[in-house]
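Below: data-v3.txt (compact mmCIF, C-alpha atoms)
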# COMPACT_ATOMS: atom_id res chain seq x y z
CA THR A 211 67.38 -25.70 -22.67
CA GLY A 212 67.08 -22.29 -21.05
CA LEU A 213 63.32 -22.37 -21.71
CA ASP A 214 60.66 -22.61 -19.05
CA LEU A 215 57.54 -21.90 -21.13
CA LEU A 216 56.55 -23.03 -24.63
CA CYS A 217 53.52 -21.64 -26.48
CA TYR A 218 52.39 -24.10 -29.15
CA TYR A 219 50.73 -22.33 -32.06
CA GLY A 220 48.27 -24.59 -33.90
CA HIS A 221 47.91 -27.98 -32.20
CA THR A 222 44.63 -29.15 -33.83
CA ASN A 223 44.05 -30.79 -37.22
CA LEU A 224 43.37 -27.38 -38.79
CA GLY A 225 46.70 -26.02 -37.54
CA ALA A 226 47.46 -22.37 -36.78
CA GLU A 227 44.64 -19.83 -37.18
CA GLY A 228 42.21 -22.73 -37.60
CA ALA A 229 39.47 -22.10 -35.00
CA ASP A 230 38.69 -25.82 -34.87
CA TYR A 231 35.61 -27.13 -33.02
CA ASP A 232 37.55 -30.12 -31.72
CA GLN A 233 40.67 -29.08 -29.79
CA SER A 234 42.20 -32.58 -29.75
CA PRO A 235 45.86 -32.89 -30.80
CA SER A 236 46.30 -33.26 -34.54
CA VAL A 237 47.14 -36.49 -36.33
CA ALA A 238 50.39 -34.81 -37.47
CA MET A 239 51.41 -34.57 -33.79
CA GLY A 240 50.73 -38.24 -33.22
CA GLY A 241 47.24 -37.69 -31.84
CA GLU A 242 46.59 -38.13 -28.13
CA LYS A 243 49.51 -40.55 -27.60
CA GLY A 244 52.05 -38.40 -29.44
CA PHE A 245 50.88 -35.28 -27.63
CA ALA A 246 51.16 -37.08 -24.28
CA ARG A 247 54.75 -38.14 -25.04
CA MET A 248 55.64 -34.57 -25.97
CA MET A 249 54.06 -33.19 -22.79
CA ASP A 250 55.85 -35.75 -20.61
CA ARG A 251 59.25 -34.88 -22.09
CA LEU A 252 58.70 -31.13 -21.85
CA HIS A 253 57.48 -31.32 -18.26
CA ALA A 254 60.40 -33.58 -17.35
CA ASN A 255 62.70 -30.78 -18.53
CA GLY A 256 60.90 -28.14 -16.49
CA ILE A 257 59.05 -26.60 -19.45
CA ARG A 258 55.41 -25.55 -19.11
CA VAL A 259 53.18 -25.63 -22.21
CA MET A 260 50.58 -23.11 -23.37
CA LEU A 261 48.24 -23.49 -26.35
CA LEU A 262 46.87 -20.78 -28.61
CA ASP A 263 43.08 -20.58 -28.24
CA HIS A 264 40.48 -19.05 -30.57
CA LEU A 265 37.56 -21.23 -29.49
CA HIS A 266 36.64 -18.77 -26.72
CA ARG A 267 35.33 -16.49 -29.49
CA TYR A 268 35.35 -18.13 -32.93
CA ILE A 269 34.45 -21.27 -34.87
CA ASN A 270 35.63 -22.09 -38.40
CA SER A 271 32.57 -22.25 -40.65
CA ASP A 272 34.21 -24.98 -42.77
CA VAL A 273 34.31 -27.62 -40.00
CA PRO A 274 31.53 -30.24 -40.29
CA GLU A 275 30.21 -29.46 -36.79
CA TYR A 276 29.27 -25.96 -37.90
CA LYS A 277 26.41 -27.39 -39.97
CA SER A 278 25.69 -30.63 -38.12
CA LYS A 279 25.28 -28.86 -34.77
CA ARG A 280 23.65 -25.75 -36.29
CA LEU A 281 26.23 -23.49 -34.66
CA GLY A 282 25.18 -20.53 -36.80
CA ARG A 283 22.22 -19.94 -34.48
CA MET A 284 24.71 -18.90 -31.76
CA ALA A 285 26.64 -16.51 -34.01
CA THR A 286 27.09 -12.82 -33.21
CA ILE A 287 24.79 -10.79 -35.49
CA ASP A 288 25.69 -7.34 -36.83
CA ALA A 289 23.38 -4.34 -37.27
CA ASN A 290 22.48 -5.52 -40.79
CA GLY A 291 21.35 -8.92 -39.59
CA LYS A 292 24.46 -10.72 -40.89
CA ARG A 293 26.71 -13.12 -38.99
CA VAL A 294 29.96 -11.49 -37.90
CA GLU A 295 32.84 -13.05 -39.85
CA SER A 296 36.64 -12.77 -39.76
CA ARG A 297 39.00 -13.98 -42.47
CA TRP A 298 42.54 -15.01 -41.62
CA TRP A 299 45.19 -15.34 -44.30
CA LYS A 300 47.76 -18.12 -44.35
CA GLU A 301 51.08 -16.32 -43.97
CA THR A 302 54.64 -16.96 -42.94
CA VAL A 303 57.23 -14.66 -41.36
CA LEU A 304 59.91 -16.36 -43.46
CA SER A 305 58.55 -15.64 -46.93
CA CYS A 306 56.25 -12.68 -46.15
CA LYS A 307 53.93 -14.20 -48.73
CA ARG A 308 50.59 -15.96 -48.49
CA LEU A 309 50.77 -19.73 -48.53
CA GLU A 310 48.73 -22.15 -50.60
CA GLY A 311 45.47 -23.25 -49.04
CA PRO A 312 41.95 -22.08 -48.23
CA THR A 313 41.33 -18.92 -46.27
CA PRO A 314 39.60 -19.81 -42.99
CA VAL A 315 36.31 -17.98 -42.43
CA TRP A 316 35.66 -17.59 -38.73
CA ILE A 317 32.21 -17.00 -37.26
CA GLU A 318 32.15 -15.03 -34.02
CA MET A 319 30.06 -16.75 -31.37
CA CYS A 320 27.85 -14.68 -29.07
CA PRO A 321 29.20 -14.95 -25.50
CA SER A 322 25.67 -15.03 -24.11
CA CYS A 323 24.98 -18.56 -25.43
CA GLU A 324 25.08 -21.13 -22.64
CA GLU A 325 25.40 -24.06 -25.06
CA TRP A 326 28.62 -22.59 -26.39
CA HIS A 327 29.89 -22.06 -22.84
CA GLU A 328 29.40 -25.75 -22.07
CA HIS A 329 31.27 -26.85 -25.20
CA TYR A 330 34.17 -24.53 -24.41
CA LEU A 331 34.37 -25.70 -20.80
CA ASP A 332 34.34 -29.32 -21.95
CA GLN A 333 37.29 -28.63 -24.27
CA LEU A 334 39.07 -26.73 -21.48
CA ARG A 335 38.74 -29.69 -19.09
CA ARG A 336 40.13 -32.04 -21.75
CA MET A 337 43.14 -29.77 -22.35
CA ILE A 338 43.91 -29.57 -18.64
CA ALA A 339 43.59 -33.38 -18.39
CA ARG A 340 46.23 -33.61 -21.15
CA GLY A 341 48.61 -31.65 -18.93
CA VAL A 342 48.37 -28.29 -20.71
CA ASP A 343 49.56 -25.53 -18.36
CA GLY A 344 47.84 -22.50 -19.85
CA LEU A 345 46.01 -20.87 -22.75
CA GLU A 346 46.73 -17.79 -24.83
CA LEU A 347 43.33 -16.34 -25.73
CA ASP A 348 43.90 -14.67 -29.08
CA CYS A 349 41.67 -11.73 -30.07
CA CYS A 350 40.08 -11.64 -26.61
CA ASP A 351 37.30 -9.19 -27.31
CA ALA A 352 33.56 -9.14 -27.98
CA THR A 353 31.51 -7.53 -30.76
CA PRO A 354 28.05 -6.01 -30.05
CA CYS A 355 25.36 -8.52 -31.01
CA TYR A 356 22.01 -7.54 -32.58
CA SER A 357 20.38 -10.96 -32.38
CA ARG A 358 16.84 -11.10 -31.00
CA GLU A 359 17.20 -14.82 -30.24
CA HIS A 360 19.98 -14.84 -27.62
CA GLY A 361 18.15 -13.31 -24.66
CA HIS A 362 20.00 -9.97 -24.60
CA LYS A 363 19.12 -6.53 -25.92
CA PRO A 364 19.85 -6.12 -29.67
CA GLY A 365 23.06 -4.12 -30.10
CA GLU A 366 24.20 -4.72 -26.53
CA ASP A 367 27.91 -4.32 -25.80
CA MET A 368 28.90 -7.91 -25.07
CA LEU A 369 32.12 -7.23 -23.15
CA ALA A 370 30.38 -7.47 -19.76
CA VAL A 371 28.76 -10.74 -20.87
CA LYS A 372 32.14 -12.01 -22.09
CA MET A 373 33.66 -11.12 -18.72
CA LYS A 374 31.05 -13.19 -16.90
CA PHE A 375 31.92 -16.13 -19.13
CA LEU A 376 35.68 -15.64 -18.62
CA ARG A 377 35.26 -15.58 -14.83
CA ARG A 378 33.54 -18.94 -15.08
CA VAL A 379 36.33 -20.26 -17.34
CA ARG A 380 39.04 -19.09 -14.96
CA ALA A 381 37.29 -20.53 -11.89
CA GLU A 382 36.96 -23.94 -13.56
CA ALA A 383 40.59 -23.97 -14.74
CA LYS A 384 41.91 -22.97 -11.31
CA ARG A 385 39.73 -25.62 -9.65
CA LEU A 386 41.38 -28.30 -11.78
CA ASN A 387 44.88 -26.79 -11.75
CA PRO A 388 45.60 -23.84 -9.42
CA ASP A 389 48.75 -23.04 -11.44
CA PHE A 390 46.94 -22.83 -14.81
CA ILE A 391 47.67 -19.50 -16.52
CA PHE A 392 45.79 -17.29 -18.99
CA VAL A 393 47.34 -14.76 -21.38
CA PHE A 394 45.04 -12.45 -23.35
CA GLU A 395 45.37 -10.38 -26.51
CA THR A 396 43.50 -7.04 -26.60
CA MET A 397 43.69 -6.12 -22.94
CA TYR A 398 40.70 -4.06 -21.80
CA PRO A 399 40.87 -2.89 -18.16
CA PRO A 400 38.17 -5.23 -16.79
CA THR A 401 39.91 -8.33 -18.15
CA ARG A 402 42.92 -7.84 -15.88
CA GLU A 403 40.99 -9.61 -13.12
CA VAL A 404 40.71 -12.85 -15.11
CA CYS A 405 44.09 -13.12 -16.85
CA ASP A 406 47.65 -13.55 -15.62
CA ALA A 407 49.36 -11.64 -18.43
CA TRP A 408 48.38 -9.65 -21.51
CA TYR A 409 49.66 -8.19 -24.75
CA SER A 410 48.45 -5.65 -27.26
CA ASN A 411 47.46 -6.44 -30.82
CA ARG A 412 48.57 -4.52 -33.93
CA TYR A 413 45.27 -3.20 -35.19
CA PRO A 414 44.87 0.52 -35.79
CA ASP A 415 44.42 2.68 -34.03
CA GLU A 416 42.77 3.21 -30.67
CA ASN A 417 44.01 0.00 -29.05
CA GLY A 418 47.68 0.91 -29.21
CA ARG A 419 47.09 4.47 -28.03
CA ILE A 420 44.87 3.35 -25.14
CA HIS A 421 47.43 0.72 -24.13
CA ARG A 422 50.14 3.38 -24.12
CA PHE A 423 48.31 5.25 -21.34
CA MET A 424 46.86 2.26 -19.49
CA PHE A 425 50.03 0.20 -19.29
CA PRO A 426 53.10 2.47 -19.25
CA GLU A 427 55.12 -0.52 -18.02
CA LEU A 428 54.76 -2.18 -21.45
CA ARG A 429 57.81 -0.88 -23.30
CA GLN A 430 57.98 -3.27 -26.25
CA GLN A 431 55.80 -4.15 -29.23
CA THR A 432 55.98 -7.75 -30.46
CA VAL A 433 56.51 -8.02 -34.22
CA LEU A 434 55.60 -11.20 -36.10
CA VAL A 435 53.63 -12.64 -39.05
CA ALA A 436 54.38 -11.50 -42.59
CA ASN A 437 53.60 -7.99 -43.87
CA TYR A 438 52.02 -7.10 -40.54
CA THR A 439 55.49 -7.13 -39.01
CA TYR A 440 56.46 -3.92 -40.75
CA ASP A 441 53.32 -2.17 -39.57
CA ALA A 442 53.94 -3.42 -36.01
CA VAL A 443 57.45 -1.90 -36.11
CA ASN A 444 55.90 1.39 -37.24
CA LYS A 445 53.31 1.11 -34.47
CA ALA A 446 56.13 0.91 -31.93
CA LEU A 447 57.74 3.99 -33.48
CA VAL A 448 54.45 5.92 -33.17
CA LEU A 449 53.98 4.84 -29.54
CA GLY A 450 57.57 5.64 -28.57
CA ILE A 451 58.39 2.07 -27.52
CA GLY A 452 60.83 -0.62 -28.64
CA VAL A 453 60.22 -3.86 -30.52
CA GLU A 454 60.59 -7.52 -29.63
CA SER A 455 61.01 -9.94 -32.53
CA GLU A 456 60.19 -13.62 -32.21
CA THR A 457 62.36 -16.53 -33.25
CA TRP A 458 60.90 -19.04 -35.66
CA GLY A 459 60.64 -22.69 -34.68
CA LEU A 460 63.45 -22.25 -32.11
CA ARG A 461 65.82 -22.79 -35.03
CA LYS A 462 66.23 -19.43 -36.76
CA THR A 463 66.39 -15.87 -35.53
CA THR A 464 64.54 -13.08 -37.31
CA LEU A 465 67.85 -12.01 -38.84
CA GLU A 466 68.33 -15.48 -40.34
CA GLY A 467 64.71 -16.09 -41.27
CA CYS A 468 63.79 -12.69 -42.70
CA PRO A 469 66.82 -10.38 -43.24
CA GLU A 470 64.64 -7.67 -44.82
CA LEU A 471 62.58 -7.36 -41.64
CA ALA A 472 65.72 -7.35 -39.49
CA ARG A 473 67.17 -4.52 -41.60
CA TYR A 474 64.00 -2.48 -41.23
CA ILE A 475 63.95 -2.96 -37.46
CA GLY A 476 67.58 -1.77 -37.45
CA GLN A 477 66.72 1.32 -39.52
CA VAL A 478 63.87 2.29 -37.18
CA THR A 479 66.04 1.67 -34.13
CA SER A 480 68.85 3.83 -35.56
CA LEU A 481 66.39 6.69 -36.12
CA ARG A 482 65.04 6.37 -32.56
CA ARG A 483 68.54 6.37 -31.10
CA LYS A 484 69.67 9.37 -33.13
CA TYR A 485 66.83 11.44 -31.67
CA GLY A 486 66.53 9.50 -28.40
CA ASP A 487 65.60 12.52 -26.26
CA ILE A 488 62.43 12.82 -28.34
CA LEU A 489 61.64 9.40 -29.85
CA ILE A 490 62.66 7.26 -26.85
CA ARG A 491 62.60 9.47 -23.76
CA GLY A 492 60.03 11.98 -24.99
CA THR A 493 56.53 12.24 -23.52
CA PHE A 494 53.76 10.55 -25.50
CA ARG A 495 51.13 13.23 -26.27
CA ASP A 496 48.85 10.99 -28.33
CA THR A 497 47.43 13.10 -31.19
CA LEU A 498 47.49 16.40 -29.26
CA GLY A 499 49.49 19.18 -30.90
CA ALA A 500 49.23 18.13 -34.53
CA ASN A 501 46.82 18.18 -37.44
CA VAL A 502 46.88 15.35 -39.98
CA ALA A 503 44.52 15.36 -42.97
CA ALA A 504 44.19 12.15 -44.98
CA PRO A 505 42.00 11.37 -48.01
CA GLU A 506 38.44 10.33 -47.21
CA GLY A 507 38.21 6.69 -46.22
CA ARG A 508 41.91 6.36 -45.34
CA GLU A 509 43.09 5.77 -41.78
CA ILE A 510 46.42 7.19 -40.69
CA SER A 511 47.94 6.58 -37.28
CA TYR A 512 50.03 9.36 -35.76
CA SER A 513 51.34 10.72 -32.49
CA VAL A 514 53.26 13.62 -31.01
CA LEU A 515 56.33 12.82 -28.92
CA ASP A 516 57.51 15.77 -26.82
CA GLY A 517 61.16 16.06 -25.83
CA GLY A 518 60.76 19.40 -24.06
CA ALA A 519 63.65 21.72 -24.79
CA ARG A 520 65.13 19.10 -27.14
CA GLY A 521 62.20 19.41 -29.53
CA LYS A 522 59.12 17.58 -30.73
CA ALA A 523 58.26 14.90 -33.27
CA LEU A 524 55.17 14.08 -35.29
CA VAL A 525 55.32 10.36 -36.11
CA LEU A 526 53.20 9.09 -39.02
CA ARG A 527 52.23 5.50 -39.82
CA ASN A 528 50.34 4.12 -42.83
CA PRO A 529 48.68 0.83 -41.71
CA SER A 530 47.77 -0.09 -45.28
CA MET A 531 49.37 -1.85 -48.26
CA SER A 532 48.46 1.07 -50.56
CA SER A 533 50.37 4.37 -50.49
CA VAL A 534 48.75 7.59 -49.34
CA SER A 535 49.55 11.32 -49.27
CA VAL A 536 48.74 13.28 -46.08
CA ARG A 537 48.83 16.99 -45.25
CA VAL A 538 50.25 17.63 -41.77
CA HIS A 539 51.02 20.46 -39.34
CA LEU A 540 52.94 20.23 -36.05
CA ASP A 541 51.86 22.94 -33.58
CA GLY A 542 53.99 25.13 -31.32
CA VAL A 543 57.31 24.81 -33.15
CA THR A 544 57.85 28.35 -34.40
CA GLY A 545 61.55 29.14 -34.70
CA ARG A 546 62.65 25.50 -34.68
CA ARG A 547 64.39 23.66 -37.52
CA LEU A 548 62.05 21.19 -39.22
CA VAL A 549 63.31 17.88 -40.62
CA LEU A 550 61.52 15.04 -42.42
CA ALA A 551 63.07 11.65 -41.53
CA ARG A 552 62.21 8.17 -42.80
CA PRO A 553 63.74 4.87 -41.66
CA GLY A 554 66.74 4.09 -43.84
CA LYS A 555 66.39 7.26 -45.95
CA ARG A 556 68.27 10.54 -46.16
CA GLU A 557 66.73 13.32 -44.08
CA GLN A 558 65.14 16.33 -45.77
CA ALA A 559 64.84 19.91 -44.54
CA ILE A 560 61.31 21.34 -44.33
CA ARG A 561 60.88 25.02 -45.13
CA GLY A 562 57.35 25.61 -43.93
CA GLN A 563 54.04 24.14 -42.83
CA PRO A 564 51.67 22.51 -43.59
CA VAL A 565 53.70 19.72 -45.20
CA GLU A 566 52.61 17.15 -47.77
CA VAL A 567 54.03 13.74 -46.82
CA GLN A 568 53.88 10.62 -49.00
CA LEU A 569 53.61 7.31 -47.10
CA GLY A 570 54.18 4.06 -48.96
CA CYS A 571 52.94 0.53 -48.24
CA TYR A 572 53.16 0.11 -44.46
CA GLY A 573 55.26 3.27 -44.50
CA ALA A 574 56.39 5.55 -41.70
CA ALA A 575 57.79 9.07 -41.50
CA VAL A 576 58.80 11.48 -38.72
CA ILE A 577 58.67 15.28 -38.75
CA LEU A 578 61.14 16.60 -36.21
CA ALA A 579 61.16 20.11 -34.76
CA LEU A 580 64.70 20.59 -33.43
Could you render the structure as structure tokens?
Amino acid sequence: TGLDLLCYYGHTNLGAEGADYDQSPSVAMGGEKGFARMMDRLHANGIRVMLLDHLHRYINSDVPEYKSKRLGRMATIDANGKRVESRWWKETVLSCKRLEGPTPVWIEMCPSCEEWHEHYLDQLRRMIARGVDGLELDCCDATPCYSREHGHKPGEDMLAVKMKFLRRVRAEAKRLNPDFIFVFETMYPPTREVCDAWYSNRYPDENGRIHRFMFPELRQQTVLVANYTYDAVNKALVLGIGVESETWGLRKTTLEGCPELARYIGQVTSLRRKYGDILIRGTFRDTLGANVAAPEGREISYSVLDGGARGKALVLRNPSMSSVSVRVHLDGVTGRRLVLARPGKREQAIRGQPVEVQLGCYGAAVILAL
């Protein structure tokens, strides 16, 4: 097949982005027997299997166990005394539209709760017994918890507590299968000791910028899942890195499945290649050397890419579905020719600074000093 690793996205009855309490294979997959047949055939062809995992952090509040087992008492509590929730939309990279169905409401579990640790470890042992070769821990992070019932200080940063839990998880997995692998999303420096690989998420804005400095070897941004794909492409443009697009279901490429996305990736790539000395080979200066003013309450991601004698670029990204106007100034470019460039659009000459730039839904723009 040419494949040696398959990541299965959504193996439980709730499917993808489900955060199910019970991690058993879904009825749609044939249950335990159907899953076992699939694993046997994949392994016989030299293919290892990973599963997407949210249980390390979240539980879906709609599952019956949430009430029957009173799981809310182990929830992470925010500064206002409310349980920390996340809502995940049902989306598809093919239609770039939301699908029919309820929106899962996830409750973040406090990593200090021993009862939750035991449930997770029990599910981990069952997955390894089924022959699973690894887990992809999605959203591997921890929110400060203000509970006074969990045995920690209210408002404590829970990352260190999460790390203690993850060390225990890794030790148990390696005891049962020394070749078991872990891949994490949201890679903070301490977590490198407990995972085998990592990848950045798309969320604005510090994560991408921090990753750019921490892991210079990461030269591609993965783009997938509906409207977020366009923002992820823009994120790569801001960070001065390339993009990697997934294939869907091993049957269609991005070009076949979503031509609009493929065209946009091509437009961004053409812009990067045209000014490659700056946008590809330039030095990432983070936000140093530019001033960007956005309306109150709006978040704009930007960076300065420095091509030395070739020039500079101020790259702007709107990580929102609503348009916004920003006022910008690129420093240290006196005497250079200024150009406003947008993916797929005609370039415009700029005759002075500061400049007012309009950014549309998940829009991007580049001011070049040449």
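For the atom pair formed by atom CA of Ala383 of chain A and atom CA of Arg335 of chain A, the distance is 7.4 Å, given to one decimal.
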task = Find the residues around Ile560 of chain A up to 9 Å (all atoms listed in the file counted), leave out those fewer than 3 positions away in its own chain, and share them as a VMD selection string.
result = chain A and resid 547 to 550 563 565 577
Counting all atoms listed in the file, which residues of segment 530-565 of chain A fall within 12 Å of segment 491-506 of chain A, and what is the closest atom pair for each with its distance in Å at one decimal, ordered by chain and rising number, as CSV?
residue,atom,partner,partner_atom,distance
A:Ser533,CA,A:Pro505,CA,11.2
A:Val534,CA,A:Ala504,CA,7.8
A:Ser535,CA,A:Ala504,CA,6.9
A:Val536,CA,A:Ala504,CA,4.8
A:Arg537,CA,A:Ala503,CA,5.1
A:Val538,CA,A:Val502,CA,4.4
A:His539,CA,A:Asn501,CA,5.1
A:Leu540,CA,A:Ala500,CA,4.5
A:Asp541,CA,A:Gly499,CA,5.2
A:Gly542,CA,A:Gly499,CA,7.5
A:Val543,CA,A:Gly499,CA,9.9
A:Gln563,CA,A:Asn501,CA,10.8
A:Pro564,CA,A:Asn501,CA,8.9
A:Val565,CA,A:Val502,CA,9.6
query = When distances are computed from only C-alpha atoms, which of A:Asn444, A:Glu346, A:Arg527, A:Pro274 shows the smallest separation from Thr396 of chain A?
reply = A:Glu346
query = Any idea what the distance is between atom CA of Ser234 of chain A and atom CA of Lys279 of chain A?
reply = 18.0 Å
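Take atom CA of Val525 of chain A and atom CA of Pro426 of chain A: the distance between them is 18.7 Å.
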key: From A:Glu557, A:Glu242, A:Asp214, A:Asp288, residue lying nearest Asp343 of chain A [only C-alpha atoms]   =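 Comparing A:Glu557, A:Glu242, A:Asp214, A:Asp288 against Asp343 of chain A, the winner is A:Asp214.
With distances taken over all atoms listed in the file, A:Ser530 is the one residue among A:Ser530, A:Glu470, A:Leu524, A:Ala519 lying closest to Gly507 of chain A.
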query = For the point (63.6, 11.4, -27.0) in file coordinates, what residues are within 12 Å, counting all atoms listed in the file? Give the answer as a PyMOL selection string?
reply = chain A and resi 447+449-451+481-494+514-523+578-580
